[in-house]
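To start, the structure under review is shown below, and the notes come after it.
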Amino acid sequence: MKKKRIISVLLLLGGMWLSVSAQTKPIYLDETKPIEQRVEDALQRMTLDEKIAVIHAQSKFSAAGVKRLGIPDMWTDDGPHGVRPDVLWDEWVQAGQTNDSCVAFPALTCLAATWNPQMARLYGESLGEEALYRDKDMILGPGVNILRTPLNGRNFEYMGEDPFLASRMVAPYVQGLQSKGISSCVKHYALNNDETYRHQVNVKVSDRALHEIYLPAFKAAVQEGKAWAIMGAYNLYNNQHNCHNEILLNNILKRDWAFDGVVVSDWGGAHNMDEAIRNGLDMEFGTWTDGLTMGATNAYDNYYLSLSYKKAIQNGTYTERELNDKVRRVLRLHFRTTMNRQRPYGALCSDAHYEAARKIGTEGIVLLKNSPSSPKGERILPLTAEKLSGSSILVVGENAIKPMTVGGGSSSLKVQHEISPLEGLRRQLVMLQSSCKVDFARGYVGDTTSFYNNVKMNVDLTESRQPQELIAEAVEKAKGADYVIVFGGLNKSNHQDCEGTDREVYGLPYGQDQLIEALSKVNNRLVFVNISGNPVAMPWRKQVAAIVQGWYIGSEAGNALADVILGHVNPSGKLPFTWYDALEDCAAHALNTYPGTWRSDGSKVIDEEYKEGIYVGYRWTDRQKKRPAYAFGHGLSYTTFELSKAVADKKEMSLSDNISFTVQVKNIGTMAGAEVVQLYVSDKKASVDRPLKELKAFQKVFLQPGESKEVRLTIGKDALSFYDEAIASWKAEAGQFEALIGTASDQISSRVKFSLK
């Protein structure tokens, strides 16, 4: 009995101690308290020096925490396709670690081409787990700038030309990433649509085009994805740099969209202390003296939001009002990431991540063309085991062996492995125990560089033979081959798909046109696989049997491409952009607005006017009645789908309700596959000029042979609205509309009229 009383007393004392401990625990450390309460508690405890420290970089990729309060440093890293290898504290040079390899996921153009938001969620979750393992708190991505010109070197990092498609794909990516306690940093906000003069370009664009074309994906990331960070762009808008732009940051992002996260400068994107303080920038990153150009190292105290800002507060030039807003946002970010004790464990280079990369890659591959290659009318792809039995394949092209996870700018990665297209094809044929023989011919020489940012490529690309010798070898081998597969396209070198430079021409580089023309004359079973993040000119496209858009697929590139080419996976990707026959078919080039005009006042600024307004991509080709090489939303399959006539659930809708359209989709072919049902809206009569049609809903449906499913697509007033510059707001006008439903922007099978009251 005495022992029980002693235990009871000890338990009572322990409970009292716990109660007292809980009462004395600082609010900012108490995860049971609302974040806003924790933010205010931490803010009032911080000194001026501590506040200044958290709003600018302390190294190339980190910002200081508050050590006295137990708030860790904030570590960022480049994305959006994988976690970039670690670099030295103050240099771009790699740190030389052996535990910072990663899985490279497909480039975001490939993700967008899946037209499947579930793949975006899987992408974000997988990347978040890799970032967790690497002790990162923020991934600098995803990117959602609109493909305005196919010459933009950074289009491969973005999600195509259509604001609705990009919006549907970015939100689940952000949600998936942040579900792991890793902040996204959606970039590059906004109007960062070309690279070569990205620091000098001042974009002149109508308010309507800004809100209808260039902002919707960012808005979806903020309001639907609940993004915790946004990165400002290098370029200017309305004569202000976008990393401290009053209209974009203060008015639209923070006021209109109620964004409660942090605005991060692109590295070296801040140019003016007063604008940085007043116009919405929260965290300044960069390197060297001024954050952009070479100068003193470890010069972070010289940044606009560093010691000069502190001194300006101390001498009364500024109060702490703006500073406290920035610090609140940074603290909010910390409580969501570094101070989140519920963050799960991460995983690096797991089987699940490789499977995710491969699945996303196969879903994004687009079959552009697939013509019959025999008198029986049998299409050349897929190259099934039956077709290949006892046959031979000639693989041609540098892109069959060249690593594509290295290079291209800040998205360059150090991968654990990367399966090349040639290797993937050979591996799968071995697994099939196929008697098919595979030979290789270089065909052309592009960039033979073997290093990028101290990452060494695992293949020797040096070549001493001349172009004509390489073509002659490929042609001779092609004469005796049953099938020829050319892996060509672009790469991630300067003036290709690469940050910092734009493409100089629309055509294929390195004499590939000459190679393909020569091969097509000696073998009519020619498949061209284009590896790129951009459309390219293909003057020979009618001369080849099949064309596949192969993107930059990452670590599992070779396996994913072989899956589709050999028919293990039925292609279901759809183009996220218009594929022009010629560069002049693109509005920005037809109207001679790219790359803008240098000012004559010596200010080193280029004014680039978006004269096409809202008419970007398919909106422009529709208006011009110009048929592109391949339309937005185009993508073939190895099976055949049949769509019934679409039916609406009502003939008239009001502003407060929705309208739904149903269509029956049936797989009438012999292979399981997926189709994307696309719904476009046409305003039959409006007070403003409107596109002939605009994408407003889509759904991907997977079907077995003979299976059918009902697809229901629902839209509301947002799908009918335009941005009215007269009232600076969105407006839906009563009147007649038409829903256009099909499988591509040029393959409309149903038209349903309805009205808005």
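Starting from 1 in every chain, residues are counted up; chains themselves are A, B, ... following the order of the structure tokens, and ligands are numbered from 1 as listed.
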Requested in this report: Name the residues in contact with Asp162 of chain A at a cut-off of 8 Å, using only C-alpha atoms, excluding same-chain residues fewer than 4 positions from it; report them as a PyMOL selection string.
Outcome: chain A and resi 146+166+213+576-577+617+695
Just write the chosen residues, N, CA and C atoms, as an mmCIF file, in the first residue's frame.
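Final file, part.cif:
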```cif
data_model
loop_
_atom_site.group_PDB
_atom_site.id
_atom_site.type_symbol
_atom_site.label_atom_id
_atom_site.label_comp_id
_atom_site.auth_asym_id
_atom_site.auth_seq_id
_atom_site.Cartn_x
_atom_site.Cartn_y
_atom_site.Cartn_z
ATOM 1 N N ILE A 146 4.613 30.093 -69.936
ATOM 2 C CA ILE A 146 3.920 29.658 -71.148
ATOM 3 C C ILE A 146 4.877 29.596 -72.336
ATOM 4 N N ALA A 166 -1.730 23.743 -68.023
ATOM 5 C CA ALA A 166 -0.671 23.980 -67.040
ATOM 6 C C ALA A 166 -1.245 24.120 -65.631
ATOM 7 N N ILE A 213 -3.622 34.364 -70.167
ATOM 8 C CA ILE A 213 -2.628 33.427 -70.697
ATOM 9 C C ILE A 213 -1.476 33.178 -69.724
ATOM 10 N N PRO A 576 1.403 19.121 -75.445
ATOM 11 C CA PRO A 576 0.999 20.276 -74.640
ATOM 12 C C PRO A 576 1.268 21.599 -75.348
ATOM 13 N N PHE A 577 1.645 21.511 -76.615
ATOM 14 C CA PHE A 577 1.876 22.727 -77.410
ATOM 15 C C PHE A 577 1.600 22.434 -78.873
ATOM 16 N N GLY A 617 -0.226 29.997 -79.472
ATOM 17 C CA GLY A 617 -0.376 28.584 -79.801
ATOM 18 C C GLY A 617 -1.570 28.305 -80.678
ATOM 19 N N LEU A 695 -9.424 25.435 -74.411
ATOM 20 C CA LEU A 695 -9.524 24.243 -73.570
ATOM 21 C C LEU A 695 -10.049 24.622 -72.191
#
```
Requested in this report: Would you list the contacts of Ser750 of chain A as a list in words, taking every protein, DNA or RNA residue within 8 Å and counting only C-alpha atoms, but skipping same-chain residues closer than 3 positions in sequence?
Outcome: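 Non-adjacent residues within range: Lys645, Ala646, Ala739, Leu740, Ile741 and Gly742 of chain A.
Atom pair atom CA of Thr597 of chain A / atom CA of Pro509 of chain A has a distance of 26.7 Å (rounded to one decimal).
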Could you give me, as a PDB file with N, CA and C atoms, in the first residue's frame, the residues within 12 Å of Asn523 of chain A, counting only C-alpha atoms and dropping anything in the same chain fewer than 5 positions from it?
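Result file is out03.pdb:
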```
ATOM      1  N   SER A 373       3.569   0.264 -93.086  1.00  0.00           N
ATOM      2  CA  SER A 373       4.893  -0.015 -93.652  1.00  0.00           C
ATOM      3  C   SER A 373       4.891  -1.297 -94.468  1.00  0.00           C
ATOM      4  N   ILE A 393      17.524  -4.398 -86.443  1.00  0.00           N
ATOM      5  CA  ILE A 393      17.236  -2.983 -86.217  1.00  0.00           C
ATOM      6  C   ILE A 393      18.544  -2.213 -86.289  1.00  0.00           C
ATOM      7  N   LEU A 394      18.531  -1.140 -87.035  1.00  0.00           N
ATOM      8  CA  LEU A 394      19.654  -0.205 -87.014  1.00  0.00           C
ATOM      9  C   LEU A 394      19.238   1.017 -86.210  1.00  0.00           C
ATOM     10  N   ALA A 474      25.887   5.190 -91.964  1.00  0.00           N
ATOM     11  CA  ALA A 474      24.507   4.930 -91.554  1.00  0.00           C
ATOM     12  C   ALA A 474      23.662   4.469 -92.734  1.00  0.00           C
ATOM     13  N   VAL A 475      23.839   5.091 -93.898  1.00  0.00           N
ATOM     14  CA  VAL A 475      23.074   4.723 -95.088  1.00  0.00           C
ATOM     15  C   VAL A 475      23.399   3.302 -95.521  1.00  0.00           C
ATOM     16  N   GLU A 476      24.670   2.954 -95.503  1.00  0.00           N
ATOM     17  CA  GLU A 476      25.073   1.609 -95.914  1.00  0.00           C
ATOM     18  C   GLU A 476      24.477   0.545 -94.994  1.00  0.00           C
ATOM     19  N   LYS A 477      24.497   0.810 -93.701  1.00  0.00           N
ATOM     20  CA  LYS A 477      23.923  -0.140 -92.747  1.00  0.00           C
ATOM     21  C   LYS A 477      22.402  -0.198 -92.869  1.00  0.00           C
ATOM     22  N   ALA A 478      21.797   0.946 -93.185  1.00  0.00           N
ATOM     23  CA  ALA A 478      20.335   1.002 -93.288  1.00  0.00           C
ATOM     24  C   ALA A 478      19.816   0.174 -94.458  1.00  0.00           C
ATOM     25  N   LYS A 479      20.624   0.011 -95.492  1.00  0.00           N
ATOM     26  CA  LYS A 479      20.201  -0.760 -96.663  1.00  0.00           C
ATOM     27  C   LYS A 479      19.904  -2.209 -96.300  1.00  0.00           C
ATOM     28  N   GLY A 480      20.624  -2.738 -95.324  1.00  0.00           N
ATOM     29  CA  GLY A 480      20.442  -4.135 -94.958  1.00  0.00           C
ATOM     30  C   GLY A 480      19.613  -4.349 -93.714  1.00  0.00           C
ATOM     31  N   ALA A 481      19.082  -3.281 -93.126  1.00  0.00           N
ATOM     32  CA  ALA A 481      18.308  -3.409 -91.887  1.00  0.00           C
ATOM     33  C   ALA A 481      16.825  -3.534 -92.191  1.00  0.00           C
ATOM     34  N   ASP A 482      16.133  -4.290 -91.344  1.00  0.00           N
ATOM     35  CA  ASP A 482      14.684  -4.392 -91.494  1.00  0.00           C
ATOM     36  C   ASP A 482      13.979  -3.136 -90.987  1.00  0.00           C
ATOM     37  N   TYR A 483      14.529  -2.542 -89.919  1.00  0.00           N
ATOM     38  CA  TYR A 483      13.958  -1.321 -89.339  1.00  0.00           C
ATOM     39  C   TYR A 483      15.098  -0.369 -88.982  1.00  0.00           C
ATOM     40  N   VAL A 484      14.829   0.906 -89.158  1.00  0.00           N
ATOM     41  CA  VAL A 484      15.787   1.946 -88.769  1.00  0.00           C
ATOM     42  C   VAL A 484      15.109   2.866 -87.762  1.00  0.00           C
ATOM     43  N   ILE A 485      15.741   3.057 -86.611  1.00  0.00           N
ATOM     44  CA  ILE A 485      15.232   3.984 -85.600  1.00  0.00           C
ATOM     45  C   ILE A 485      16.272   5.076 -85.401  1.00  0.00           C
ATOM     46  N   VAL A 486      15.912   6.302 -85.731  1.00  0.00           N
ATOM     47  CA  VAL A 486      16.805   7.445 -85.559  1.00  0.00           C
ATOM     48  C   VAL A 486      16.424   8.172 -84.276  1.00  0.00           C
ATOM     49  N   ILE A 516      18.564  12.261 -92.212  1.00  0.00           N
ATOM     50  CA  ILE A 516      17.254  11.607 -92.301  1.00  0.00           C
ATOM     51  C   ILE A 516      16.794  11.500 -93.750  1.00  0.00           C
ATOM     52  N   GLU A 517      17.045  12.534 -94.545  1.00  0.00           N
ATOM     53  CA  GLU A 517      16.698  12.485 -95.968  1.00  0.00           C
ATOM     54  C   GLU A 517      17.409  11.313 -96.642  1.00  0.00           C
ATOM     55  N   ALA A 518      18.688  11.152 -96.337  1.00  0.00           N
ATOM     56  CA  ALA A 518      19.471  10.077 -96.960  1.00  0.00           C
ATOM     57  C   ALA A 518      18.973   8.705 -96.520  1.00  0.00           C
ATOM     58  N   GLN A 543       8.169  11.679 -95.293  1.00  0.00           N
ATOM     59  CA  GLN A 543       9.008  10.633 -95.881  1.00  0.00           C
ATOM     60  C   GLN A 543       9.352   9.524 -94.894  1.00  0.00           C
ATOM     61  N   VAL A 544       9.008   9.682 -93.620  1.00  0.00           N
ATOM     62  CA  VAL A 544       9.325   8.653 -92.634  1.00  0.00           C
ATOM     63  C   VAL A 544       8.037   7.967 -92.198  1.00  0.00           C
ATOM     64  N   ALA A 545       8.169   6.722 -91.746  1.00  0.00           N
ATOM     65  CA  ALA A 545       6.989   5.927 -91.431  1.00  0.00           C
ATOM     66  C   ALA A 545       6.362   6.298 -90.100  1.00  0.00           C
TER      67      ALA A 545
END
```
Rows by chain and residue number, segment 132-158 of chain A within 10 Å of segment 80-98 of chain A, shortest pair, only C-alpha atoms, as JSON lines:
```
{"residue": "A:Leu132", "atom": "CA", "partner": "A:Val83", "partner_atom": "CA", "distance": 9.9}
{"residue": "A:Arg134", "atom": "CA", "partner": "A:Val83", "partner_atom": "CA", "distance": 8.0}
{"residue": "A:Lys136", "atom": "CA", "partner": "A:Val83", "partner_atom": "CA", "distance": 8.7}
{"residue": "A:Ile139", "atom": "CA", "partner": "A:Pro80", "partner_atom": "CA", "distance": 7.0}
{"residue": "A:Leu140", "atom": "CA", "partner": "A:Pro80", "partner_atom": "CA", "distance": 6.4}
{"residue": "A:Gly141", "atom": "CA", "partner": "A:Pro80", "partner_atom": "CA", "distance": 4.6}
{"residue": "A:Pro142", "atom": "CA", "partner": "A:Pro80", "partner_atom": "CA", "distance": 5.1}
{"residue": "A:Gly143", "atom": "CA", "partner": "A:Pro80", "partner_atom": "CA", "distance": 7.3}
{"residue": "A:Glu157", "atom": "CA", "partner": "A:Pro80", "partner_atom": "CA", "distance": 7.4}
{"residue": "A:Tyr158", "atom": "CA", "partner": "A:Pro80", "partner_atom": "CA", "distance": 9.4}
```
Report task. Give me, please, the distance in Å between atom CA of Arg599 of chain A and atom CA of Asn279 of chain A, quoted to one decimal. Result ->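 That distance, rounded to one decimal, is 24.7 Å.
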Query - Coordinates-based distance that separates atom CA of Lys574 of chain A from atom CA of Val676 of chain A (Å, one decimal) - result: 7.8 Å
Requested in this report: Select, from A:Thr640, A:Gln699, A:Thr109, A:Ser721, the residue with the minimum atom-to-atom distance to Gly550 of chain A, counting only C-alpha atoms.
Outcome: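 Between A:Thr640, A:Gln699, A:Thr109, A:Ser721, the residue approaching Gly550 of chain A most closely is A:Thr109.
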Query raised in the report: as an MDAnalysis selection string, which residues of segment 14-245 of chain A does DSSP assign to alpha helix (DSSP H)?
Result: chainID A and resid 14:24 35:45 48:53 108:113 117:133 163:178 207:209 216:223
Can you spit out the residues from that selection as a compact mmCIF listing (two decimals), in the first residue's frame, using C-alpha atoms?
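This went into again34.txt:
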```txt
# COMPACT_ATOMS: atom_id res chain seq x y z
CA GLY A 14 5.24 14.21 -12.70
CA GLY A 15 1.91 15.41 -14.01
CA MET A 16 2.34 18.76 -12.24
CA TRP A 17 5.81 19.08 -13.77
CA LEU A 18 4.48 18.30 -17.25
CA SER A 19 1.68 20.82 -16.77
CA VAL A 20 4.13 23.53 -15.70
CA SER A 21 6.46 22.56 -18.54
CA ALA A 22 3.64 22.86 -21.07
CA GLN A 23 2.68 26.26 -19.69
CA THR A 24 6.24 27.59 -19.91
CA ILE A 35 0.77 28.69 -37.12
CA GLU A 36 -0.19 32.38 -37.05
CA GLN A 37 0.04 32.42 -33.26
CA ARG A 38 3.44 30.74 -33.42
CA VAL A 39 4.61 33.24 -36.03
CA GLU A 40 3.68 36.24 -33.91
CA ASP A 41 5.31 34.72 -30.83
CA ALA A 42 8.58 34.04 -32.66
CA LEU A 43 8.53 37.47 -34.33
CA GLN A 44 8.29 39.39 -31.05
CA ARG A 45 11.26 37.43 -29.69
CA LEU A 48 16.67 43.31 -35.65
CA ASP A 49 19.82 41.41 -36.63
CA GLU A 50 17.95 38.11 -36.56
CA LYS A 51 15.13 39.50 -38.67
CA ILE A 52 17.55 40.78 -41.30
CA ALA A 53 19.46 37.49 -41.33
CA LEU A 108 7.96 18.98 -67.17
CA THR A 109 7.00 19.08 -70.86
CA CYS A 110 6.77 15.29 -70.66
CA LEU A 111 4.72 15.51 -67.47
CA ALA A 112 2.32 17.97 -69.12
CA ALA A 113 2.05 15.61 -72.11
CA PRO A 117 -3.04 15.17 -62.91
CA GLN A 118 -2.48 11.90 -61.02
CA MET A 119 0.96 11.70 -62.62
CA ALA A 120 1.67 15.24 -61.42
CA ARG A 121 0.77 14.25 -57.85
CA LEU A 122 3.01 11.15 -58.06
CA TYR A 123 5.80 13.33 -59.46
CA GLY A 124 5.58 15.82 -56.58
CA GLU A 125 5.45 13.15 -53.89
CA SER A 126 8.42 11.24 -55.33
CA LEU A 127 10.53 14.38 -55.68
CA GLY A 128 9.57 15.44 -52.16
CA GLU A 129 10.83 12.14 -50.73
CA GLU A 130 14.17 12.57 -52.51
CA ALA A 131 14.46 16.12 -51.19
CA LEU A 132 13.68 14.96 -47.65
CA TYR A 133 16.45 12.40 -47.76
CA PRO A 163 -2.93 28.08 -69.30
CA PHE A 164 -5.69 25.61 -68.41
CA LEU A 165 -3.59 22.49 -68.99
CA ALA A 166 -0.67 23.98 -67.04
CA SER A 167 -3.04 24.93 -64.20
CA ARG A 168 -4.48 21.41 -63.92
CA MET A 169 -0.99 19.89 -63.85
CA VAL A 170 0.82 22.30 -61.51
CA ALA A 171 -1.61 22.17 -58.58
CA PRO A 172 -1.23 18.42 -57.83
CA TYR A 173 2.55 18.65 -58.33
CA VAL A 174 2.70 21.35 -55.64
CA GLN A 175 0.33 19.43 -53.37
CA GLY A 176 2.34 16.24 -53.72
CA LEU A 177 5.66 17.92 -53.02
CA GLN A 178 4.37 19.87 -50.01
CA ASP A 207 -3.82 43.17 -69.00
CA ARG A 208 -6.14 40.72 -70.69
CA ALA A 209 -3.34 38.57 -72.09
CA PRO A 216 -3.56 31.31 -64.58
CA ALA A 217 -1.06 28.53 -63.83
CA PHE A 218 0.59 30.63 -61.10
CA LYS A 219 -2.84 31.44 -59.69
CA ALA A 220 -3.76 27.75 -59.61
CA ALA A 221 -0.48 26.93 -57.87
CA VAL A 222 -1.27 29.54 -55.20
CA GLN A 223 -5.00 29.11 -54.70
```
Can you pull out the residues contacting segment 382-391 of chain A? Cut-off 12 Å, using only C-alpha atoms, and skip same-chain residues under 2 positions away; I want them as a tab-separated table (two decimals) with N, CA and C atoms, in the first residue's frame.
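The new file out-v8.tsv reads:
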```tsv
chain	number	residue	atom	x	y	z
A	367	LEU	N	2.99	9.69	-79.64
A	367	LEU	CA	3.11	9.11	-80.98
A	367	LEU	C	2.51	10.10	-81.97
A	369	LYS	N	3.12	10.22	-85.46
A	369	LYS	CA	2.78	9.66	-86.77
A	369	LYS	C	3.05	8.16	-86.72
A	370	ASN	N	2.21	7.37	-87.40
A	370	ASN	CA	2.41	5.92	-87.45
A	370	ASN	C	1.76	5.39	-88.71
A	371	SER	N	2.53	5.37	-89.78
A	371	SER	CA	1.99	5.02	-91.09
A	371	SER	C	2.17	3.53	-91.37
A	372	PRO	N	1.38	3.00	-92.30
A	372	PRO	CA	1.57	1.60	-92.73
A	372	PRO	C	2.95	1.42	-93.36
A	373	SER	N	3.57	0.26	-93.09
A	373	SER	CA	4.89	-0.01	-93.65
A	373	SER	C	4.89	-1.30	-94.47
A	374	SER	N	3.68	-1.82	-94.75
A	374	SER	CA	3.59	-3.05	-95.54
A	374	SER	C	2.35	-2.97	-96.42
A	378	GLU	N	-0.37	-2.75	-92.33
A	378	GLU	CA	0.05	-2.83	-90.93
A	378	GLU	C	0.97	-1.65	-90.61
A	379	ARG	N	0.67	-0.98	-89.54
A	379	ARG	CA	1.46	0.18	-89.16
A	379	ARG	C	2.79	-0.27	-88.57
A	380	ILE	N	3.80	0.59	-88.73
A	380	ILE	CA	5.15	0.17	-88.37
A	380	ILE	C	5.33	-0.04	-86.87
A	393	ILE	N	17.52	-4.40	-86.44
A	393	ILE	CA	17.24	-2.98	-86.22
A	393	ILE	C	18.54	-2.21	-86.29
A	394	LEU	N	18.53	-1.14	-87.04
A	394	LEU	CA	19.65	-0.21	-87.01
A	394	LEU	C	19.24	1.02	-86.21
A	425	LEU	N	16.69	-0.28	-75.39
A	425	LEU	CA	16.20	-1.15	-76.45
A	425	LEU	C	16.89	-2.51	-76.40
A	428	GLN	N	15.76	-4.67	-73.31
A	428	GLN	CA	14.43	-5.29	-73.40
A	428	GLN	C	14.39	-6.41	-74.42
A	429	LEU	N	15.15	-6.30	-75.49
A	429	LEU	CA	15.20	-7.38	-76.47
A	429	LEU	C	15.86	-8.62	-75.88
A	430	VAL	N	16.86	-8.40	-75.03
A	430	VAL	CA	17.49	-9.53	-74.33
A	430	VAL	C	16.49	-10.19	-73.39
A	431	MET	N	15.73	-9.37	-72.64
A	431	MET	CA	14.74	-9.90	-71.72
A	431	MET	C	13.66	-10.70	-72.46
A	432	LEU	N	13.35	-10.27	-73.69
A	432	LEU	CA	12.36	-10.98	-74.50
A	432	LEU	C	12.94	-12.21	-75.17
A	433	GLN	N	14.27	-12.39	-75.01
A	433	GLN	CA	14.98	-13.48	-75.68
A	433	GLN	C	14.73	-13.41	-77.18
A	434	SER	N	14.75	-12.20	-77.69
A	434	SER	CA	14.48	-11.97	-79.10
A	434	SER	C	15.72	-12.28	-79.94
A	435	SER	N	15.48	-12.83	-81.12
A	435	SER	CA	16.58	-13.12	-82.05
A	435	SER	C	16.93	-11.90	-82.89
A	436	CYS	N	16.25	-10.78	-82.64
A	436	CYS	CA	16.50	-9.55	-83.39
A	436	CYS	C	17.90	-9.02	-83.09
A	437	LYS	N	18.60	-8.62	-84.13
A	437	LYS	CA	19.94	-8.05	-83.97
A	437	LYS	C	19.85	-6.53	-84.01
A	438	VAL	N	20.62	-5.89	-83.12
A	438	VAL	CA	20.62	-4.43	-83.04
A	438	VAL	C	22.01	-3.91	-83.36
A	439	ASP	N	22.10	-3.05	-84.36
A	439	ASP	CA	23.36	-2.41	-84.72
A	439	ASP	C	23.24	-0.91	-84.47
A	480	GLY	N	20.62	-2.74	-95.32
A	480	GLY	CA	20.44	-4.14	-94.96
A	480	GLY	C	19.61	-4.35	-93.71
A	481	ALA	N	19.08	-3.28	-93.13
A	481	ALA	CA	18.31	-3.41	-91.89
A	481	ALA	C	16.82	-3.53	-92.19
A	482	ASP	N	16.13	-4.29	-91.34
A	482	ASP	CA	14.68	-4.39	-91.49
A	482	ASP	C	13.98	-3.14	-90.99
A	483	TYR	N	14.53	-2.54	-89.92
A	483	TYR	CA	13.96	-1.32	-89.34
A	483	TYR	C	15.10	-0.37	-88.98
A	484	VAL	N	14.83	0.91	-89.16
A	484	VAL	CA	15.79	1.95	-88.77
A	484	VAL	C	15.11	2.87	-87.76
A	485	ILE	N	15.74	3.06	-86.61
A	485	ILE	CA	15.23	3.98	-85.60
A	485	ILE	C	16.27	5.08	-85.40
A	525	ARG	N	11.15	1.78	-93.72
A	525	ARG	CA	10.73	1.44	-92.36
A	525	ARG	C	11.54	2.25	-91.36
A	526	LEU	N	11.39	3.56	-91.49
A	526	LEU	CA	12.19	4.49	-90.70
A	526	LEU	C	11.33	5.13	-89.61
A	527	VAL	N	11.80	5.02	-88.36
A	527	VAL	CA	11.13	5.64	-87.21
A	527	VAL	C	12.04	6.75	-86.69
A	545	ALA	N	8.17	6.72	-91.75
A	545	ALA	CA	6.99	5.93	-91.43
A	545	ALA	C	6.36	6.30	-90.10
A	546	ALA	N	7.18	6.66	-89.13
A	546	ALA	CA	6.65	6.97	-87.80
A	546	ALA	C	7.50	8.04	-87.14
A	547	ILE	N	6.84	8.85	-86.30
A	547	ILE	CA	7.53	9.89	-85.54
A	547	ILE	C	7.04	9.81	-84.09
A	548	VAL	N	8.00	9.78	-83.18
A	548	VAL	CA	7.70	9.71	-81.75
A	548	VAL	C	8.34	10.91	-81.06
A	561	LEU	N	11.21	4.58	-73.40
A	561	LEU	CA	11.11	4.63	-74.85
A	561	LEU	C	10.97	3.23	-75.44
A	562	ALA	N	11.74	2.27	-74.90
A	562	ALA	CA	11.63	0.89	-75.38
A	562	ALA	C	10.26	0.31	-75.06
A	563	ASP	N	9.71	0.65	-73.89
A	563	ASP	CA	8.36	0.19	-73.54
A	563	ASP	C	7.37	0.55	-74.63
A	564	VAL	N	7.45	1.77	-75.14
A	564	VAL	CA	6.50	2.25	-76.14
A	564	VAL	C	6.84	1.71	-77.52
A	565	ILE	N	8.10	1.76	-77.91
A	565	ILE	CA	8.49	1.32	-79.26
A	565	ILE	C	8.19	-0.16	-79.46
A	566	LEU	N	8.41	-0.98	-78.42
A	566	LEU	CA	8.19	-2.42	-78.53
A	566	LEU	C	6.76	-2.84	-78.20
A	567	GLY	N	5.93	-1.88	-77.79
A	567	GLY	CA	4.52	-2.17	-77.57
A	567	GLY	C	4.17	-2.72	-76.21
A	568	HIS	N	5.11	-2.66	-75.25
A	568	HIS	CA	4.76	-3.08	-73.89
A	568	HIS	C	3.82	-2.07	-73.24
A	569	VAL	N	3.92	-0.83	-73.67
A	569	VAL	CA	3.04	0.24	-73.21
A	569	VAL	C	2.45	0.92	-74.44
A	570	ASN	N	1.16	1.12	-74.41
A	570	ASN	CA	0.48	1.81	-75.49
A	570	ASN	C	0.61	3.31	-75.28
A	571	PRO	N	1.18	4.06	-76.24
A	571	PRO	CA	1.36	5.50	-76.03
A	571	PRO	C	0.03	6.21	-75.82
A	636	LEU	N	-1.36	9.93	-81.00
A	636	LEU	CA	-1.96	8.70	-81.52
A	636	LEU	C	-1.80	7.56	-80.52
A	637	SER	N	-2.44	6.43	-80.86
A	637	SER	CA	-2.43	5.25	-80.00
A	637	SER	C	-2.24	4.02	-80.88
A	638	TYR	N	-1.89	2.89	-80.25
A	638	TYR	CA	-1.81	1.62	-80.97
A	638	TYR	C	-3.18	0.94	-81.06
A	639	THR	N	-4.16	1.51	-80.41
A	639	THR	CA	-5.53	1.00	-80.52
A	639	THR	C	-6.42	2.11	-81.07
A	671	MET	N	-5.87	-3.59	-78.29
A	671	MET	CA	-4.84	-3.38	-77.27
A	671	MET	C	-5.36	-2.41	-76.21
```
Requested in this report: Among the residues of segment 54-202 of chain A, find those DSSP assigns to strand (DSSP E or B) from the backbone and print them as a list in words.
Outcome: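 Reading the DSSP output for segment 54-202 of chain A, strand (DSSP E or B) covers His56, Ala57, Ser62, Ala63, Val66, Ile71, Met74, Trp75, Thr76, Asp77, Asp78, Val87, Gln94, Cys102, Met138, Ile139, Leu140, Gly143, Ser183, Ser184, Val186, Lys187, His188, Tyr189, Val201 and Asn202 of chain A.
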Report task. May I have the residues within 10 Å of Asn245 of chain A as a ChimeraX atom specification, using only C-alpha atoms and disregarding those fewer than 6 positions away in the same chain? Result -> /A:232-233,236-239,251,275-276,278-281
I'd like a table as CSV: residues in segment 408-505 of chain A with an atom no more than 12 Å from segment 186-201 of chain A, each row giving the shortest atom pair and its distance in Å to one decimal, only C-alpha atoms counted, sorted by chain and rising residue number.
```
residue,atom,partner,partner_atom,distance
A:Gly408,CA,A:Glu195,CA,11.9
A:Gly409,CA,A:Glu195,CA,11.2
A:Asn494,CA,A:Thr196,CA,10.1
A:His495,CA,A:Thr196,CA,8.8
A:Gln496,CA,A:Glu195,CA,11.2
A:Asp497,CA,A:Glu195,CA,10.4
A:Cys498,CA,A:Glu195,CA,8.6
A:Glu499,CA,A:Glu195,CA,6.5
A:Gly500,CA,A:Glu195,CA,5.0
A:Thr501,CA,A:Thr196,CA,4.3
A:Asp502,CA,A:Thr196,CA,5.4
A:Arg503,CA,A:Thr196,CA,8.9
A:Glu504,CA,A:Thr196,CA,10.0
```
Query raised in the report: Of the candidates A:Ser179, A:Gln747, A:Asn145, A:Asn242, which one gets nearest to His634 of chain A if we count only C-alpha atoms?
Result: A:Gln747
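Non-sequential neighbours of Ile419 of chain A (distance at most 8 Å, separation of 3 or more positions within a chain, only C-alpha atoms) are Glu423, Gly424, Ser555, Glu556, Ala557, Gly558 and Asn559 of chain A.
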